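**Student:** Quick one: structure below, then a few questions.
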2 protein chains.
Amino acid sequence: MQLQHFFKLYTSFLESETFKGSPKSLYESMNYIMSLGGKRIRPILVLAGFHIANKKQNPGSDLTNFDHALNLAHAIEIFHNFSLVHDDIMDAADLRRSKPTVHKKWDEPTAILSGDNLLIKAYQYLMRYQGPNKDRIIELFSETATLICEGQQEDMEFASNEQVSENDYLRMIRNKTAVLLGCALKMGALSTGISESDSEHFYDLAIDIGLQFQMMDDYLDAFGDSTNTGKTSGGDIAEGKKTWLYIKSTELSRDTKQWFNTPNPARIEMVQANWKNLQLDQMIIAKAKEFENKAIEQIKYLENKGYNLDIIKEIVEYLGGRTN
Amino acid sequence: MQLQHFFKLYTSFLESETFKGSPKSLYESMNYIMSLGGKRIRPILVLAGFHIANKKQNPGSDLTNFDHALNLAHAIEIFHNFSLVHDDIMDAADLRRSKPTVHKKWDEPTAILSGDNLLIKAYQYLMRYQGPNKDRIIELFSETATLICEGQQEDMEFASNEQVSENDYLRMIRNKTAVLLGCALKMGALSTGISESDSEHFYDLAIDIGLQFQMMDDYLDAFGDSTNTGKTSGGDIAEGKKTWLYIKSTELSRDTKQWFNTPNPARIEMVQANWKNLQLDQMIIAKAKEFENKAIEQIKYLENKGYNLDIIKEIVEYLGGRTN
């Protein structure tokens, strides 16, 4: 299992790179958020991008030397954690992975500064990278980081905006969550010296996979069997989260909006029934399938160019989905 | 007047580099904070560092070409504005240069994201720089940025800590405010290709000037004639700000602490009288003089090495002080 190897490679790098400094609170909070775990999908995508492109680009090279790619992988994971810390402040979230958020465990100034310092550290790891396409990789990172700020700002604004279209929503969610996956896979590939045009296909591939899983997550949250997902069904509805399902339902009927805003404890069941009635369960599966098909196209394109995409198929399994 | 020229050079660069993007609120708030004005002392220090070192290092070169240095100058000014936006949230400040702060004019999520995006933009301008010592310059920037986060975190913690020593305070204020001046001047000098060891003297020089002016500002705030300073005397005392004067006074007497925390409207006068009684007005002037003397030593050292420091003397005048 290549994926298992990448996961271990990254997590042992992470453990060896604990942040050190003073005041304590600043560095403890940075290490705290980094240690909360998760699938580490973003750094794994960097290593995967490097691995796939390196096998084709430099077949004679040492295929087990991930030293440079690990700095990039770590930069991406640090950036992701920066965004979690700041997003949790904005969302006034108390918990992250069942643990208190940084601004709850410490306080808001600490969380703001902890995030800021993480963003600086992310750039320090990018700068440590010494390999092909360095300037291009850092520019890609900065462009992506800006898109993520824009996506988060849009998400904040959508909360008080009743005129959000499906396209607005898809742009927001793409920026807020999918582009970092694209950046991760593309960055790893670029670090082997491949061309910008080939690397764009890596970018699009990871974005399509990201959007596919976003749709599947939303589906499972609204309609999933809680015994399979481990989550209470209807969590997004309970929180009043404006997902693709909500946006789409308001285009199709006036009922959701009315039920969404009622304090009636039965509103979750009412919204779920309304959405099934509108066949939104089938529509969101079709939407996920759309992104899956786009991802499959990218995989085929890259395979035709001589890249071996087996690791991507493993990653898709790991994320809980299927490649076909 | 070389200084006037540098000011115009930077401000016209700034005006040509307005941030563009969507959503509007994000980019309007970024442009808003950048346009609030000020002395632009940090970008001027970058240009000054370049100017001084270039005249000695590359006497035959085009001494009027500031293209590369302007990218560095802009990165420093953007970073400074990022820190203002986030600090204003942490300090719950309503006004910045007599105008509403970003989190007041927009809201807190916008201010967090606006600051985050400014920090990203600062790195984009650093990366645009193509000249000597690029990696070293960016590492200096990152190290400085981290020191500033640490200084701000310490400042936040000092608010609820009654055991802050003079040394603790000086380390905090050095990190929070002076190192960015040092970074600016050193970065400009490094961009001409001078050695790390020479550039360290530029760094120390700007830090000493910064600390000298910090002490003079605190003196003027506590004891200054409001007709000269344009500020109400005792503003820091009214705000309960723990300046060097406060820290020092608590070492010398128990009275300040008692008066500092009373709601009595006469407390400002009582603290001022107590401080004069302890001769703190003379002590803080002596402290400022200490930093001034250190700065003069650095100037002499650099002049002996063949650098012309006239522009630094102009900058010190501009800041409202004296060089001797």
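By order in the structure tokens, chains are A, B, ...; within a chain, residues start at 1; ligands start at 1, following the order shown.
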I need the chain A residues near chain B as JSON, numbers by chain; criterion: at most 8 Å, counting only C-alpha atoms.
**Tutor:** {"A": [22, 23, 26, 86, 90, 108, 109, 110, 112, 113, 116, 117, 120, 121, 123, 124, 127, 135, 139, 142, 145, 146, 149, 150, 152, 153, 154, 156]}
**Student:** Keeping only N, CA, C and O atoms, write the selected residues to a file as a short mmCIF file (atom, residue, chain, number, x, y, z; two decimals), in the first residue's frame.
**Tutor:**
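Once everything was written out, this is result14.cif:
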```
data_model
loop_
_atom_site.label_atom_id
_atom_site.label_comp_id
_atom_site.auth_asym_id
_atom_site.auth_seq_id
_atom_site.Cartn_x
_atom_site.Cartn_y
_atom_site.Cartn_z
N SER A 22 8.76 31.12 21.84
CA SER A 22 8.16 31.76 23.00
C SER A 22 7.40 32.99 22.53
O SER A 22 7.78 33.60 21.54
N PRO A 23 6.31 33.43 23.13
CA PRO A 23 5.70 32.84 24.33
C PRO A 23 5.06 31.48 24.07
O PRO A 23 4.60 31.20 22.96
N LEU A 26 1.61 30.81 22.27
CA LEU A 26 1.60 30.93 20.81
C LEU A 26 2.00 29.61 20.16
O LEU A 26 1.35 29.13 19.24
N HIS A 86 -8.42 30.21 11.84
CA HIS A 86 -9.12 31.48 11.58
C HIS A 86 -10.59 31.26 11.23
O HIS A 86 -11.46 32.01 11.68
N MET A 90 -14.20 32.80 12.93
CA MET A 90 -15.27 33.44 12.15
C MET A 90 -16.60 32.71 12.29
O MET A 90 -17.65 33.32 12.31
N GLU A 108 -9.24 34.53 21.69
CA GLU A 108 -9.27 34.95 20.30
C GLU A 108 -7.97 35.59 19.83
O GLU A 108 -7.49 35.25 18.74
N PRO A 109 -7.36 36.50 20.62
CA PRO A 109 -6.07 37.05 20.16
C PRO A 109 -5.04 35.96 19.90
O PRO A 109 -4.34 35.97 18.89
N THR A 110 -4.97 34.97 20.79
CA THR A 110 -4.02 33.87 20.59
C THR A 110 -4.34 33.12 19.29
O THR A 110 -3.43 32.77 18.54
N ILE A 112 -5.88 34.30 16.59
CA ILE A 112 -5.53 35.13 15.43
C ILE A 112 -4.02 35.05 15.18
O ILE A 112 -3.57 34.78 14.06
N LEU A 113 -3.23 35.23 16.25
CA LEU A 113 -1.77 35.25 16.10
C LEU A 113 -1.21 33.87 15.79
O LEU A 113 -0.23 33.74 15.04
N ASP A 116 -1.79 33.49 12.15
CA ASP A 116 -0.85 34.34 11.41
C ASP A 116 0.54 33.70 11.37
O ASP A 116 1.18 33.64 10.32
N ASN A 117 0.98 33.23 12.52
CA ASN A 117 2.32 32.64 12.59
C ASN A 117 2.38 31.33 11.79
O ASN A 117 3.40 31.02 11.17
N ILE A 120 2.94 32.28 8.19
CA ILE A 120 4.36 32.64 7.99
C ILE A 120 5.22 31.37 7.91
O ILE A 120 6.07 31.23 7.03
N LYS A 121 4.96 30.41 8.80
CA LYS A 121 5.71 29.14 8.80
C LYS A 121 5.49 28.38 7.50
O LYS A 121 6.41 27.73 7.00
N TYR A 123 5.11 29.61 4.57
CA TYR A 123 6.03 30.18 3.58
C TYR A 123 7.48 29.80 3.88
O TYR A 123 8.28 29.61 2.96
N GLN A 124 7.82 29.66 5.16
CA GLN A 124 9.20 29.25 5.46
C GLN A 124 9.49 27.85 4.93
O GLN A 124 10.58 27.60 4.42
N MET A 127 9.95 28.04 1.21
CA MET A 127 11.26 28.61 0.84
C MET A 127 12.39 27.60 1.05
O MET A 127 13.43 27.70 0.41
N ASP A 135 9.86 29.16 -8.06
CA ASP A 135 9.05 30.39 -8.11
C ASP A 135 7.61 30.09 -8.51
O ASP A 135 6.67 30.65 -7.95
N GLU A 139 4.27 30.82 -6.31
CA GLU A 139 3.21 31.66 -6.87
C GLU A 139 1.88 30.89 -6.88
O GLU A 139 0.83 31.45 -6.55
N SER A 142 0.52 31.01 -3.41
CA SER A 142 -0.04 32.32 -3.04
C SER A 142 -1.38 32.56 -3.73
O SER A 142 -2.33 33.05 -3.11
N ALA A 145 -3.87 30.46 -1.95
CA ALA A 145 -4.17 31.01 -0.62
C ALA A 145 -5.15 32.17 -0.74
O ALA A 145 -6.09 32.29 0.06
N THR A 146 -4.96 33.02 -1.74
CA THR A 146 -5.87 34.15 -1.96
C THR A 146 -7.27 33.65 -2.35
O THR A 146 -8.27 34.17 -1.84
N CYS A 149 -9.06 32.64 0.79
CA CYS A 149 -9.58 33.82 1.52
C CYS A 149 -10.85 34.33 0.85
O CYS A 149 -11.84 34.66 1.52
N GLU A 150 -10.83 34.40 -0.47
CA GLU A 150 -12.01 34.89 -1.21
C GLU A 150 -13.20 33.96 -0.98
O GLU A 150 -14.32 34.41 -0.77
N GLN A 152 -13.75 31.95 1.57
CA GLN A 152 -14.24 32.08 2.94
C GLN A 152 -15.04 33.38 3.11
O GLN A 152 -16.09 33.39 3.78
N GLN A 153 -14.57 34.47 2.50
CA GLN A 153 -15.30 35.74 2.57
C GLN A 153 -16.68 35.59 1.92
O GLN A 153 -17.69 36.05 2.46
N GLU A 154 -16.73 34.91 0.77
CA GLU A 154 -18.02 34.69 0.10
C GLU A 154 -18.94 33.84 0.98
O GLU A 154 -20.12 34.12 1.09
N MET A 156 -19.00 33.64 4.19
CA MET A 156 -19.51 34.52 5.26
C MET A 156 -20.65 35.39 4.73
O MET A 156 -21.66 35.59 5.40
#
```
**Student:** With distances taken over only C-alpha atoms, which of B:Lys99, B:Val46, B:Asn264, B:Leu185 is nearest to Asp198 of chain B?
**Tutor:**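 Among the listed residues, the smallest separation from Asp198 of chain B belongs to B:Leu185.
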**Student:** Segment 35-80 of chain B: which residues are helix (DSSP H, G or I) by DSSP, as a count of residues only?
**Tutor:** 31
**Student:** Pick the closest to Val316 of chain B from B:Trp275, B:Phe7, B:Phe213, B:Phe13: which is it, counting only C-alpha atoms?
**Tutor:** B:Phe213
**Student:** Please provide as a PyMOL selection string all residues within 8 Å of segment 214-224 of chain A, with the sequence filter that same-chain residues fewer than 6 positions apart are discarded (counting only C-alpha atoms).
**Tutor:** chain A and resi 231-237+243-245+272+281+284-285+287-288
**Student:** Using DSSP on the backbone, list every residue of segment 45-188 of chain B that comes out as strand (DSSP E), and give them as a list in words.
**Tutor:** Leu95, Arg96, Lys99 and Pro100 of chain B
**Student:** One number please: atom CA of Ala73 of chain A to atom CA of Glu17 of chain A, in Å, one decimal.
**Tutor:**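 These atoms are spaced 12.4 Å apart.
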**Student:** Of the residues A:Asn133, A:Met172, A:Leu9, A:Ile33, which is the one nearest to Asp67 of chain A, using only C-alpha atoms?
**Tutor:**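 Smallest separation from Asp67 of chain A among the options: A:Leu9.
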**Student:** Quick one: everything within 12 Å of Gln212 of chain B, counting only C-alpha atoms, minus sequence neighbours fewer than 4 positions away in the same chain. Send it as a PyMOL selection string.
**Tutor:** chain B and resi 170+173-174+177-178+205-208+216-219+284-296+316+319-323
**Student:** Considering only C-alpha atoms, return as a PDB file with N, CA and C atoms, in the first residue's frame whatever protein or nucleic-acid residues lie within 12 Å of Glu251 of chain B, sequence-local ones (same chain, fewer than 2 positions apart) excluded.
**Tutor:**
```pdb
ATOM      1  N   GLU B 162       1.073  41.105  36.218  1.00  0.00           N
ATOM      2  CA  GLU B 162       1.598  42.210  37.035  1.00  0.00           C
ATOM      3  C   GLU B 162       3.096  42.055  37.318  1.00  0.00           C
ATOM      4  N   GLN B 163       3.709  41.034  36.745  1.00  0.00           N
ATOM      5  CA  GLN B 163       5.117  40.753  37.049  1.00  0.00           C
ATOM      6  C   GLN B 163       6.051  41.057  35.876  1.00  0.00           C
ATOM      7  N   VAL B 164       5.660  41.993  35.015  1.00  0.00           N
ATOM      8  CA  VAL B 164       6.476  42.265  33.832  1.00  0.00           C
ATOM      9  C   VAL B 164       7.693  43.113  34.224  1.00  0.00           C
ATOM     10  N   SER B 165       8.884  42.626  33.891  1.00  0.00           N
ATOM     11  CA  SER B 165      10.103  43.373  34.213  1.00  0.00           C
ATOM     12  C   SER B 165      10.433  44.349  33.085  1.00  0.00           C
ATOM     13  N   GLU B 166      11.365  45.263  33.357  1.00  0.00           N
ATOM     14  CA  GLU B 166      11.793  46.204  32.317  1.00  0.00           C
ATOM     15  C   GLU B 166      12.350  45.446  31.110  1.00  0.00           C
ATOM     16  N   TRP B 244       6.778  51.640  29.207  1.00  0.00           N
ATOM     17  CA  TRP B 244       8.025  51.566  29.973  1.00  0.00           C
ATOM     18  C   TRP B 244       7.881  52.352  31.282  1.00  0.00           C
ATOM     19  N   LEU B 245       7.221  53.509  31.190  1.00  0.00           N
ATOM     20  CA  LEU B 245       7.045  54.355  32.385  1.00  0.00           C
ATOM     21  C   LEU B 245       6.279  53.622  33.477  1.00  0.00           C
ATOM     22  N   TYR B 246       5.220  52.946  33.090  1.00  0.00           N
ATOM     23  CA  TYR B 246       4.421  52.213  34.073  1.00  0.00           C
ATOM     24  C   TYR B 246       5.243  51.098  34.711  1.00  0.00           C
ATOM     25  N   ILE B 247       5.887  50.299  33.857  1.00  0.00           N
ATOM     26  CA  ILE B 247       6.690  49.163  34.342  1.00  0.00           C
ATOM     27  C   ILE B 247       7.755  49.667  35.322  1.00  0.00           C
ATOM     28  N   LYS B 248       8.461  50.715  34.917  1.00  0.00           N
ATOM     29  CA  LYS B 248       9.539  51.272  35.726  1.00  0.00           C
ATOM     30  C   LYS B 248       8.982  51.834  37.049  1.00  0.00           C
ATOM     31  N   SER B 249       7.842  52.494  36.960  1.00  0.00           N
ATOM     32  CA  SER B 249       7.291  53.113  38.172  1.00  0.00           C
ATOM     33  C   SER B 249       6.872  52.059  39.198  1.00  0.00           C
ATOM     34  N   SER B 253       7.937  52.222  43.122  1.00  0.00           N
ATOM     35  CA  SER B 253       6.954  52.644  44.131  1.00  0.00           C
ATOM     36  C   SER B 253       5.674  51.846  43.966  1.00  0.00           C
ATOM     37  N   ARG B 254       4.917  51.768  45.067  1.00  0.00           N
ATOM     38  CA  ARG B 254       3.653  51.039  44.978  1.00  0.00           C
ATOM     39  C   ARG B 254       2.501  51.934  44.552  1.00  0.00           C
ATOM     40  N   ASP B 255       2.745  53.236  44.507  1.00  0.00           N
ATOM     41  CA  ASP B 255       1.648  54.184  44.332  1.00  0.00           C
ATOM     42  C   ASP B 255       1.002  54.119  42.947  1.00  0.00           C
ATOM     43  N   THR B 256       1.860  53.982  41.904  1.00  0.00           N
ATOM     44  CA  THR B 256       1.315  54.045  40.548  1.00  0.00           C
ATOM     45  C   THR B 256       0.234  53.002  40.334  1.00  0.00           C
ATOM     46  N   LYS B 257       0.548  51.770  40.747  1.00  0.00           N
ATOM     47  CA  LYS B 257      -0.371  50.663  40.501  1.00  0.00           C
ATOM     48  C   LYS B 257      -1.737  50.977  41.091  1.00  0.00           C
ATOM     49  N   TRP B 275       4.939  60.176  38.850  1.00  0.00           N
ATOM     50  CA  TRP B 275       6.046  59.859  37.941  1.00  0.00           C
ATOM     51  C   TRP B 275       7.106  60.960  37.946  1.00  0.00           C
ATOM     52  N   LEU B 278       9.101  60.643  40.993  1.00  0.00           N
ATOM     53  CA  LEU B 278      10.081  59.556  40.885  1.00  0.00           C
ATOM     54  C   LEU B 278      11.172  59.878  39.857  1.00  0.00           C
ATOM     55  N   LEU B 280      10.819  60.051  36.709  1.00  0.00           N
ATOM     56  CA  LEU B 280      10.700  59.183  35.527  1.00  0.00           C
ATOM     57  C   LEU B 280      10.765  59.980  34.227  1.00  0.00           C
TER      58      LEU B 280
END
```
**Student:** Please identify all polymer residues within 12 Å of Glu200 of chain B, counting only C-alpha atoms, omitting same-chain residues fewer than 3 positions from it, and present them as a PDB file with N, CA and C atoms, in the first residue's frame.
**Tutor:**
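What ended up in part.pdb:
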```
ATOM      1  N   GLY B  49      17.914  51.972   2.618  1.00  0.00           N
ATOM      2  CA  GLY B  49      18.915  50.910   2.752  1.00  0.00           C
ATOM      3  C   GLY B  49      19.514  50.569   1.399  1.00  0.00           C
ATOM      4  N   LEU B 140      14.750  36.608   6.160  1.00  0.00           N
ATOM      5  CA  LEU B 140      14.774  37.729   7.118  1.00  0.00           C
ATOM      6  C   LEU B 140      13.353  38.236   7.367  1.00  0.00           C
ATOM      7  N   VAL B 179      11.697  45.671  15.272  1.00  0.00           N
ATOM      8  CA  VAL B 179      12.363  44.755  14.329  1.00  0.00           C
ATOM      9  C   VAL B 179      11.912  44.959  12.879  1.00  0.00           C
ATOM     10  N   GLY B 182      14.154  47.505  11.479  1.00  0.00           N
ATOM     11  CA  GLY B 182      15.453  46.891  11.217  1.00  0.00           C
ATOM     12  C   GLY B 182      15.414  46.044   9.959  1.00  0.00           C
ATOM     13  N   CYS B 183      14.369  45.245   9.837  1.00  0.00           N
ATOM     14  CA  CYS B 183      14.192  44.384   8.660  1.00  0.00           C
ATOM     15  C   CYS B 183      14.126  45.223   7.388  1.00  0.00           C
ATOM     16  N   ALA B 184      13.400  46.336   7.442  1.00  0.00           N
ATOM     17  CA  ALA B 184      13.220  47.191   6.255  1.00  0.00           C
ATOM     18  C   ALA B 184      14.564  47.737   5.771  1.00  0.00           C
ATOM     19  N   LEU B 185      15.325  48.340   6.684  1.00  0.00           N
ATOM     20  CA  LEU B 185      16.595  48.954   6.276  1.00  0.00           C
ATOM     21  C   LEU B 185      17.593  47.890   5.817  1.00  0.00           C
ATOM     22  N   LYS B 186      17.650  46.782   6.561  1.00  0.00           N
ATOM     23  CA  LYS B 186      18.592  45.702   6.225  1.00  0.00           C
ATOM     24  C   LYS B 186      18.259  45.057   4.873  1.00  0.00           C
ATOM     25  N   MET B 187      16.960  44.860   4.647  1.00  0.00           N
ATOM     26  CA  MET B 187      16.499  44.243   3.412  1.00  0.00           C
ATOM     27  C   MET B 187      16.910  45.081   2.194  1.00  0.00           C
ATOM     28  N   GLY B 188      16.711  46.397   2.301  1.00  0.00           N
ATOM     29  CA  GLY B 188      17.120  47.297   1.213  1.00  0.00           C
ATOM     30  C   GLY B 188      18.610  47.182   0.960  1.00  0.00           C
ATOM     31  N   ALA B 189      19.390  47.140   2.045  1.00  0.00           N
ATOM     32  CA  ALA B 189      20.840  47.041   1.911  1.00  0.00           C
ATOM     33  C   ALA B 189      21.240  45.698   1.302  1.00  0.00           C
ATOM     34  N   LEU B 190      20.625  44.616   1.768  1.00  0.00           N
ATOM     35  CA  LEU B 190      20.935  43.282   1.233  1.00  0.00           C
ATOM     36  C   LEU B 190      20.623  43.184  -0.263  1.00  0.00           C
ATOM     37  N   ILE B 194      25.286  43.379  -0.605  1.00  0.00           N
ATOM     38  CA  ILE B 194      26.303  43.506   0.456  1.00  0.00           C
ATOM     39  C   ILE B 194      26.270  42.281   1.367  1.00  0.00           C
ATOM     40  N   SER B 195      27.316  42.176   2.182  1.00  0.00           N
ATOM     41  CA  SER B 195      27.478  40.993   3.037  1.00  0.00           C
ATOM     42  C   SER B 195      26.497  41.017   4.201  1.00  0.00           C
ATOM     43  N   GLU B 196      26.237  39.827   4.736  1.00  0.00           N
ATOM     44  CA  GLU B 196      25.385  39.673   5.904  1.00  0.00           C
ATOM     45  C   GLU B 196      25.939  40.486   7.077  1.00  0.00           C
ATOM     46  N   SER B 197      27.273  40.471   7.251  1.00  0.00           N
ATOM     47  CA  SER B 197      27.840  41.138   8.441  1.00  0.00           C
ATOM     48  C   SER B 197      27.663  42.651   8.358  1.00  0.00           C
ATOM     49  N   TYR B 203      20.605  46.759  10.333  1.00  0.00           N
ATOM     50  CA  TYR B 203      19.502  46.224  11.144  1.00  0.00           C
ATOM     51  C   TYR B 203      19.493  46.864  12.536  1.00  0.00           C
ATOM     52  N   ASP B 204      20.640  46.805  13.197  1.00  0.00           N
ATOM     53  CA  ASP B 204      20.729  47.346  14.557  1.00  0.00           C
ATOM     54  C   ASP B 204      20.472  48.847  14.581  1.00  0.00           C
ATOM     55  N   LEU B 205      20.970  49.554  13.573  1.00  0.00           N
ATOM     56  CA  LEU B 205      20.772  51.002  13.497  1.00  0.00           C
ATOM     57  C   LEU B 205      19.286  51.354  13.511  1.00  0.00           C
ATOM     58  N   ALA B 206      18.519  50.710  12.635  1.00  0.00           N
ATOM     59  CA  ALA B 206      17.090  51.050  12.539  1.00  0.00           C
ATOM     60  C   ALA B 206      16.342  50.636  13.810  1.00  0.00           C
ATOM     61  N   ILE B 207      16.757  49.540  14.421  1.00  0.00           N
ATOM     62  CA  ILE B 207      16.112  49.119  15.677  1.00  0.00           C
ATOM     63  C   ILE B 207      16.368  50.133  16.782  1.00  0.00           C
ATOM     64  N   GLN B 298      26.379  53.059  15.515  1.00  0.00           N
ATOM     65  CA  GLN B 298      26.190  52.296  14.269  1.00  0.00           C
ATOM     66  C   GLN B 298      26.446  53.192  13.055  1.00  0.00           C
ATOM     67  N   TYR B 301      30.139  53.593  12.681  1.00  0.00           N
ATOM     68  CA  TYR B 301      30.731  52.365  12.165  1.00  0.00           C
ATOM     69  C   TYR B 301      30.545  52.275  10.646  1.00  0.00           C
ATOM     70  N   LEU B 302      29.321  52.530  10.216  1.00  0.00           N
ATOM     71  CA  LEU B 302      29.025  52.402   8.781  1.00  0.00           C
ATOM     72  C   LEU B 302      29.716  53.507   7.972  1.00  0.00           C
TER      73      LEU B 302
END
```
**Student:** Write out as a PyMOL selection string which residues come within 9 Å of Arg97 of chain B when counting only C-alpha atoms, dropping same-chain ones fewer than 3 positions away.
**Tutor:** chain B and resi 36-38+100-101
